[in-house]
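Everything below belongs to work_12.cif, which stores mmCIF, N, CA, C and O atoms.
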data_start
loop_
_atom_site.label_atom_id
_atom_site.label_comp_id
_atom_site.auth_asym_id
_atom_site.auth_seq_id
_atom_site.Cartn_x
_atom_site.Cartn_y
_atom_site.Cartn_z
N MET A 19 4.46 -18.45 11.32
CA MET A 19 4.24 -19.27 12.47
C MET A 19 2.75 -19.56 12.64
O MET A 19 2.39 -20.63 13.09
N ALA A 20 1.92 -18.61 12.28
CA ALA A 20 0.48 -18.82 12.37
C ALA A 20 0.06 -20.01 11.52
O ALA A 20 -0.85 -20.75 11.90
N ASP A 21 0.73 -20.21 10.39
CA ASP A 21 0.42 -21.35 9.52
C ASP A 21 0.74 -22.67 10.22
O ASP A 21 0.00 -23.65 10.08
N LEU A 22 1.85 -22.70 10.98
CA LEU A 22 2.20 -23.92 11.72
C LEU A 22 1.13 -24.22 12.77
O LEU A 22 0.74 -25.37 12.94
N PHE A 23 0.68 -23.19 13.46
CA PHE A 23 -0.36 -23.38 14.47
C PHE A 23 -1.66 -23.85 13.82
O PHE A 23 -2.31 -24.77 14.29
N ALA A 24 -2.05 -23.20 12.73
CA ALA A 24 -3.29 -23.55 12.06
C ALA A 24 -3.25 -24.99 11.56
O ALA A 24 -4.25 -25.71 11.67
N ALA A 25 -2.12 -25.42 11.05
CA ALA A 25 -2.00 -26.79 10.55
C ALA A 25 -2.18 -27.82 11.65
O ALA A 25 -2.62 -28.94 11.40
N LYS A 26 -1.85 -27.45 12.87
CA LYS A 26 -1.98 -28.36 14.01
C LYS A 26 -3.20 -28.05 14.87
O LYS A 26 -3.38 -28.64 15.93
N ALA A 27 -4.01 -27.09 14.43
CA ALA A 27 -5.20 -26.65 15.17
C ALA A 27 -4.83 -26.21 16.59
O ALA A 27 -5.51 -26.53 17.56
N ILE A 28 -3.73 -25.48 16.70
CA ILE A 28 -3.27 -24.97 17.99
C ILE A 28 -3.75 -23.53 18.14
O ILE A 28 -3.55 -22.71 17.25
N GLN A 29 -4.34 -23.25 19.28
CA GLN A 29 -4.80 -21.90 19.59
C GLN A 29 -4.24 -21.51 20.95
O GLN A 29 -4.85 -21.80 21.98
N PRO A 30 -3.07 -20.86 20.97
CA PRO A 30 -2.48 -20.50 22.26
C PRO A 30 -3.33 -19.45 22.98
O PRO A 30 -3.95 -18.59 22.34
N ASN A 31 -3.34 -19.55 24.31
CA ASN A 31 -4.05 -18.54 25.08
C ASN A 31 -3.18 -17.28 25.14
O ASN A 31 -2.03 -17.30 24.70
N PRO A 32 -3.70 -16.18 25.65
CA PRO A 32 -2.92 -14.93 25.64
C PRO A 32 -1.56 -15.02 26.34
O PRO A 32 -0.58 -14.45 25.87
N VAL A 33 -1.49 -15.73 27.45
CA VAL A 33 -0.21 -15.88 28.16
C VAL A 33 0.77 -16.68 27.31
O VAL A 33 1.94 -16.32 27.17
N GLN A 34 0.31 -17.78 26.72
CA GLN A 34 1.17 -18.58 25.85
C GLN A 34 1.63 -17.77 24.65
O GLN A 34 2.80 -17.85 24.25
N GLN A 35 0.74 -16.97 24.08
CA GLN A 35 1.09 -16.14 22.93
C GLN A 35 2.16 -15.12 23.31
O GLN A 35 3.11 -14.90 22.57
N GLN A 36 2.02 -14.51 24.48
CA GLN A 36 3.00 -13.52 24.94
C GLN A 36 4.36 -14.18 25.17
O GLN A 36 5.39 -13.64 24.77
N MET A 37 4.38 -15.36 25.78
CA MET A 37 5.63 -16.07 26.02
C MET A 37 6.28 -16.47 24.70
O MET A 37 7.49 -16.32 24.52
N LEU A 38 5.49 -16.97 23.77
CA LEU A 38 6.01 -17.37 22.46
C LEU A 38 6.59 -16.17 21.73
O LEU A 38 7.68 -16.26 21.15
N THR A 39 5.88 -15.06 21.76
CA THR A 39 6.36 -13.85 21.11
C THR A 39 7.71 -13.42 21.69
O THR A 39 8.63 -13.07 20.94
N SER A 40 7.84 -13.49 23.00
CA SER A 40 9.10 -13.13 23.65
C SER A 40 10.23 -14.05 23.22
O SER A 40 11.34 -13.59 22.89
N HIS A 41 9.96 -15.35 23.19
CA HIS A 41 10.99 -16.31 22.79
C HIS A 41 11.40 -16.13 21.33
O HIS A 41 12.58 -16.17 21.00
N VAL A 42 10.43 -15.95 20.47
CA VAL A 42 10.74 -15.79 19.04
C VAL A 42 11.48 -14.48 18.79
O VAL A 42 12.41 -14.43 17.99
N ARG A 43 11.12 -13.43 19.50
CA ARG A 43 11.84 -12.16 19.38
C ARG A 43 13.31 -12.34 19.77
O ARG A 43 14.21 -11.85 19.08
N THR A 44 13.55 -13.07 20.83
CA THR A 44 14.93 -13.34 21.26
C THR A 44 15.67 -14.20 20.24
O THR A 44 16.84 -13.98 19.97
N MET A 45 14.97 -15.17 19.66
CA MET A 45 15.58 -15.99 18.62
C MET A 45 15.94 -15.13 17.41
O MET A 45 17.02 -15.31 16.83
N ALA A 46 15.07 -14.22 17.05
CA ALA A 46 15.34 -13.34 15.92
C ALA A 46 16.58 -12.49 16.19
O ALA A 46 17.43 -12.32 15.31
N LEU A 47 16.71 -11.99 17.40
CA LEU A 47 17.89 -11.21 17.75
C LEU A 47 19.15 -12.05 17.66
O LEU A 47 20.17 -11.62 17.10
N ARG A 48 19.10 -13.28 18.17
CA ARG A 48 20.26 -14.18 18.07
C ARG A 48 20.58 -14.48 16.61
O ARG A 48 21.74 -14.64 16.24
N SER A 49 19.56 -14.57 15.80
CA SER A 49 19.76 -14.83 14.37
C SER A 49 20.55 -13.69 13.73
O SER A 49 21.39 -13.93 12.86
N LEU A 50 20.29 -12.47 14.17
CA LEU A 50 20.98 -11.31 13.60
C LEU A 50 22.37 -11.09 14.19
O LEU A 50 23.29 -10.70 13.48
N THR A 51 22.50 -11.35 15.49
CA THR A 51 23.77 -11.05 16.16
C THR A 51 24.74 -12.21 16.20
O THR A 51 25.94 -12.01 16.43
N GLY A 52 24.23 -13.43 16.02
CA GLY A 52 25.09 -14.61 16.12
C GLY A 52 25.37 -15.00 17.55
O GLY A 52 26.17 -15.90 17.80
N GLU A 53 24.72 -14.34 18.51
CA GLU A 53 24.91 -14.66 19.92
C GLU A 53 24.53 -16.11 20.18
O GLU A 53 23.53 -16.61 19.67
N ALA A 54 25.35 -16.79 20.98
CA ALA A 54 25.09 -18.20 21.30
C ALA A 54 24.00 -18.30 22.36
O ALA A 54 23.82 -17.40 23.19
N LEU A 55 23.30 -19.40 22.34
CA LEU A 55 22.30 -19.71 23.34
C LEU A 55 23.01 -20.02 24.65
O LEU A 55 23.99 -20.77 24.66
N PRO A 56 22.55 -19.48 25.78
CA PRO A 56 23.18 -19.82 27.06
C PRO A 56 23.07 -21.32 27.35
O PRO A 56 22.13 -21.98 26.88
N GLU A 57 23.99 -21.83 28.13
CA GLU A 57 23.95 -23.24 28.53
C GLU A 57 22.68 -23.51 29.33
O GLU A 57 22.31 -22.73 30.20
N VAL A 58 22.01 -24.62 29.00
CA VAL A 58 20.77 -25.00 29.67
C VAL A 58 20.84 -26.49 29.98
O VAL A 58 21.35 -27.27 29.18
N GLU A 59 20.33 -26.86 31.13
CA GLU A 59 20.28 -28.27 31.50
C GLU A 59 19.29 -28.99 30.58
O GLU A 59 18.12 -28.64 30.52
N THR A 60 19.78 -29.98 29.86
CA THR A 60 18.93 -30.68 28.90
C THR A 60 17.79 -31.45 29.57
O THR A 60 16.75 -31.67 28.96
N ASP A 61 17.98 -31.85 30.84
CA ASP A 61 16.91 -32.60 31.52
C ASP A 61 15.68 -31.74 31.79
O ASP A 61 14.61 -32.26 32.09
N LEU A 62 15.80 -30.43 31.65
CA LEU A 62 14.63 -29.55 31.80
C LEU A 62 13.60 -29.79 30.70
O LEU A 62 12.44 -29.44 30.83
N PHE A 63 14.04 -30.41 29.59
CA PHE A 63 13.18 -30.59 28.44
C PHE A 63 12.69 -32.03 28.27
O PHE A 63 12.07 -32.36 27.27
N GLU A 64 12.94 -32.88 29.26
CA GLU A 64 12.56 -34.29 29.17
C GLU A 64 11.07 -34.51 29.01
O GLU A 64 10.63 -35.45 28.37
N ASP A 65 10.26 -33.64 29.59
CA ASP A 65 8.81 -33.83 29.57
C ASP A 65 8.12 -33.19 28.36
O ASP A 65 6.90 -33.25 28.24
N ILE A 66 8.90 -32.60 27.48
CA ILE A 66 8.31 -31.99 26.29
C ILE A 66 8.06 -33.08 25.26
O ILE A 66 8.93 -33.89 24.96
N SER A 67 6.87 -33.08 24.72
CA SER A 67 6.48 -34.14 23.78
C SER A 67 7.28 -34.03 22.49
O SER A 67 7.72 -32.95 22.11
N PRO A 68 7.45 -35.17 21.80
CA PRO A 68 8.13 -35.15 20.50
C PRO A 68 7.43 -34.21 19.51
O PRO A 68 8.09 -33.55 18.71
N GLU A 69 6.10 -34.15 19.59
CA GLU A 69 5.35 -33.26 18.69
C GLU A 69 5.69 -31.80 18.95
O GLU A 69 5.85 -31.00 18.02
N SER A 70 5.81 -31.43 20.22
CA SER A 70 6.17 -30.05 20.57
C SER A 70 7.59 -29.73 20.13
O SER A 70 7.87 -28.63 19.64
N MET A 71 8.49 -30.68 20.28
CA MET A 71 9.88 -30.46 19.85
C MET A 71 9.95 -30.31 18.34
O MET A 71 10.72 -29.48 17.83
N LEU A 72 9.16 -31.08 17.62
CA LEU A 72 9.12 -30.96 16.16
C LEU A 72 8.61 -29.58 15.75
O LEU A 72 9.18 -28.94 14.87
N LEU A 73 7.57 -29.12 16.40
CA LEU A 73 7.03 -27.80 16.10
C LEU A 73 8.06 -26.72 16.42
O LEU A 73 8.25 -25.78 15.65
N ALA A 74 8.75 -26.86 17.55
CA ALA A 74 9.80 -25.90 17.92
C ALA A 74 10.90 -25.89 16.86
O ALA A 74 11.39 -24.82 16.47
N GLN A 75 11.28 -27.05 16.36
CA GLN A 75 12.31 -27.12 15.33
C GLN A 75 11.84 -26.46 14.04
O GLN A 75 12.61 -25.80 13.35
N GLN A 76 10.57 -26.61 13.72
CA GLN A 76 10.04 -25.97 12.53
C GLN A 76 10.10 -24.44 12.64
O GLN A 76 10.39 -23.75 11.66
N VAL A 77 9.85 -23.92 13.84
CA VAL A 77 9.97 -22.47 14.05
C VAL A 77 11.42 -22.04 13.90
O VAL A 77 11.72 -21.06 13.23
N VAL A 78 12.34 -22.78 14.51
CA VAL A 78 13.77 -22.47 14.38
C VAL A 78 14.18 -22.50 12.91
O VAL A 78 14.92 -21.62 12.44
N ASP A 79 13.70 -23.47 12.18
CA ASP A 79 14.06 -23.61 10.77
C ASP A 79 13.60 -22.42 9.92
O ASP A 79 14.19 -22.14 8.88
N LEU A 80 12.57 -21.72 10.37
CA LEU A 80 12.10 -20.55 9.63
C LEU A 80 13.19 -19.48 9.54
O LEU A 80 13.23 -18.71 8.58
N PHE A 81 14.09 -19.44 10.52
CA PHE A 81 15.17 -18.45 10.51
C PHE A 81 16.28 -18.82 9.55
O PHE A 81 16.91 -17.95 8.97
N GLY A 82 16.56 -20.11 9.43
CA GLY A 82 17.55 -20.56 8.46
C GLY A 82 19.01 -20.50 8.91
O GLY A 82 19.86 -21.03 8.23
N ASN A 83 19.28 -19.86 10.05
CA ASN A 83 20.67 -19.76 10.48
C ASN A 83 20.87 -19.99 11.98
O ASN A 83 21.90 -19.60 12.52
N LEU A 84 19.91 -20.60 12.62
CA LEU A 84 20.04 -20.88 14.05
C LEU A 84 20.39 -22.34 14.28
O LEU A 84 19.93 -23.21 13.54
N PRO A 85 21.18 -22.62 15.31
CA PRO A 85 21.52 -24.02 15.61
C PRO A 85 20.29 -24.77 16.13
O PRO A 85 19.36 -24.17 16.67
N LYS A 86 20.32 -26.09 15.99
CA LYS A 86 19.18 -26.91 16.40
C LYS A 86 18.89 -26.80 17.89
O LYS A 86 17.79 -27.03 18.32
N GLU A 87 19.88 -26.39 18.67
CA GLU A 87 19.70 -26.25 20.12
C GLU A 87 18.68 -25.16 20.45
O GLU A 87 18.13 -25.14 21.55
N GLN A 88 18.43 -24.26 19.52
CA GLN A 88 17.44 -23.22 19.75
C GLN A 88 16.05 -23.81 19.95
O GLN A 88 15.25 -23.23 20.65
N ALA A 89 15.79 -24.94 19.31
CA ALA A 89 14.47 -25.56 19.46
C ALA A 89 14.27 -26.01 20.89
O ALA A 89 13.20 -25.96 21.42
#

Have the structure of the file written as structure tokens, please.
Amino acid sequence: MADLFAAKAIQPNPVQQQMLTSHVRTMALRSLTGEALPEVETDLFEDISPESMLLAQQVVDLFGNLPKEQA
């Protein structure tokens, strides 16, 4: 993941890094257990930029077995 950040010159602050670590840890657990992602209102993500969504998808793709909704 550090490579993805470096490629985009992204430097998360400590709070962002902690939140990201928490989310990725949960994704890793879902990857192992097969647990489904809880239902989420899609309109909550309307303001997320296409670039951010692409980066999120790239992180999800690193796992190889998570549904695209994880992004």

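Interatomic distance, CA of Asn83 (chain A) to CA of Met19 (chain A): 16.6 Å.
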
>> Please compute the atom O of Gly82 (chain A)-atom C of Asp61 (chain A) distance, one decimal, in Å.
In response: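 Separation between atom O of Gly82 (chain A) and atom C of Asp61 (chain A): 26.2 Å.
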
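Using the PyMOL selection byres ((chain A and resi 89) around 6) on the file at hand returns these residues: Met71, Ala74, Gln75, Val78, Pro85, Lys86, Glu87 and Gln88 of chain A.
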
> Skipping near chain neighbours, those fewer than 3 positions away, what residues fall within 9 Å of region 40-49 of chain A using only C-alpha atoms, listed as a list of chain:residue names?
Replying inline: A:Gln35, A:Gln36, A:Met37, A:Gly52, A:Glu53, A:Ala54, A:Leu55, A:Val77, A:Val78, A:Phe81, A:Gly82, A:Asn83, A:Leu84, A:Gln88

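In this structure, atom N of Val58 (chain A) sits 18.4 Å away from atom O of Leu38 (chain A).
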
>> Run DSSP on the backbone and tell me which residues of chain A come out as helix (DSSP H, G or I); list them as a VMD selection string.
In response: chain A and resid 20 to 25 32 to 51 60 to 63 68 to 81 86 to 88

Step by step: locate chain A in the block above, keep C-alpha atoms, then write the file as a CSV table (one decimal), in the first residue's frame.
chain,number,residue,atom,x,y,z
A,19,MET,CA,0.0,0.0,0.0
A,20,ALA,CA,2.9,2.3,0.7
A,21,ASP,CA,3.8,1.9,-3.0
A,22,LEU,CA,0.4,3.1,-4.0
A,23,PHE,CA,0.7,6.2,-1.8
A,24,ALA,CA,4.2,6.9,-3.0
A,25,ALA,CA,3.1,6.7,-6.7
A,26,LYS,CA,0.5,9.4,-6.0
A,27,ALA,CA,2.6,11.4,-3.6
A,28,ILE,CA,0.1,10.9,-0.8
A,29,GLN,CA,1.3,11.4,2.7
A,30,PRO,CA,-1.5,10.6,5.2
A,31,ASN,CA,-1.4,12.4,8.5
A,32,PRO,CA,-1.4,10.3,11.7
A,33,VAL,CA,-5.2,10.2,12.1
A,34,GLN,CA,-5.7,9.2,8.4
A,35,GLN,CA,-3.0,6.5,8.8
A,36,GLN,CA,-4.7,5.1,11.9
A,37,MET,CA,-8.1,5.1,10.2
A,38,LEU,CA,-6.7,3.5,7.1
A,39,THR,CA,-4.9,0.8,9.1
A,40,SER,CA,-8.2,0.0,10.9
A,41,HIS,CA,-10.1,-0.3,7.6
A,42,VAL,CA,-7.5,-2.4,6.0
A,43,ARG,CA,-7.2,-4.7,9.0
A,44,THR,CA,-11.0,-5.2,8.8
A,45,MET,CA,-10.8,-5.9,5.1
A,46,ALA,CA,-8.1,-8.5,5.8
A,47,LEU,CA,-10.3,-10.2,8.3
A,48,ARG,CA,-13.2,-10.3,5.9
A,49,SER,CA,-10.8,-11.7,3.3
A,50,LEU,CA,-10.0,-14.6,5.6
A,51,THR,CA,-13.5,-15.2,7.0
A,52,GLY,CA,-15.6,-14.5,4.0
A,53,GLU,CA,-17.8,-12.2,6.1
A,54,ALA,CA,-20.0,-9.9,3.9
A,55,LEU,CA,-19.7,-6.2,4.1
A,56,PRO,CA,-22.7,-4.7,6.1
A,57,GLU,CA,-25.3,-2.8,4.0
A,58,VAL,CA,-24.3,0.8,3.5
A,59,GLU,CA,-26.1,3.7,1.9
A,60,THR,CA,-24.4,4.3,-1.4
A,61,ASP,CA,-25.2,8.1,-1.3
A,62,LEU,CA,-22.7,8.4,1.6
A,63,PHE,CA,-19.9,8.0,-1.0
A,64,GLU,CA,-21.2,10.5,-3.6
A,65,ASP,CA,-18.6,13.1,-2.7
A,66,ILE,CA,-15.6,10.8,-3.0
A,67,SER,CA,-13.5,11.7,-6.0
A,68,PRO,CA,-13.0,9.2,-8.8
A,69,GLU,CA,-9.3,9.2,-8.0
A,70,SER,CA,-10.0,8.2,-4.4
A,71,MET,CA,-12.3,5.4,-5.5
A,72,LEU,CA,-9.7,4.1,-7.9
A,73,LEU,CA,-7.1,4.1,-5.2
A,74,ALA,CA,-9.6,2.3,-2.9
A,75,GLN,CA,-10.2,-0.3,-5.6
A,76,GLN,CA,-6.5,-0.9,-6.0
A,77,VAL,CA,-6.2,-1.6,-2.3
A,78,VAL,CA,-9.1,-4.0,-2.4
A,79,ASP,CA,-7.5,-5.7,-5.4
A,80,LEU,CA,-4.4,-6.4,-3.4
A,81,PHE,CA,-6.4,-9.0,-1.4
A,82,GLY,CA,-7.6,-10.8,-4.6
A,83,ASN,CA,-10.8,-12.2,-3.1
A,84,LEU,CA,-12.9,-9.3,-1.9
A,85,PRO,CA,-15.9,-8.0,-3.7
A,86,LYS,CA,-15.7,-4.6,-5.4
A,87,GLU,CA,-18.1,-3.1,-2.8
A,88,GLN,CA,-15.2,-3.2,-0.3
A,89,ALA,CA,-13.7,-0.2,-2.1
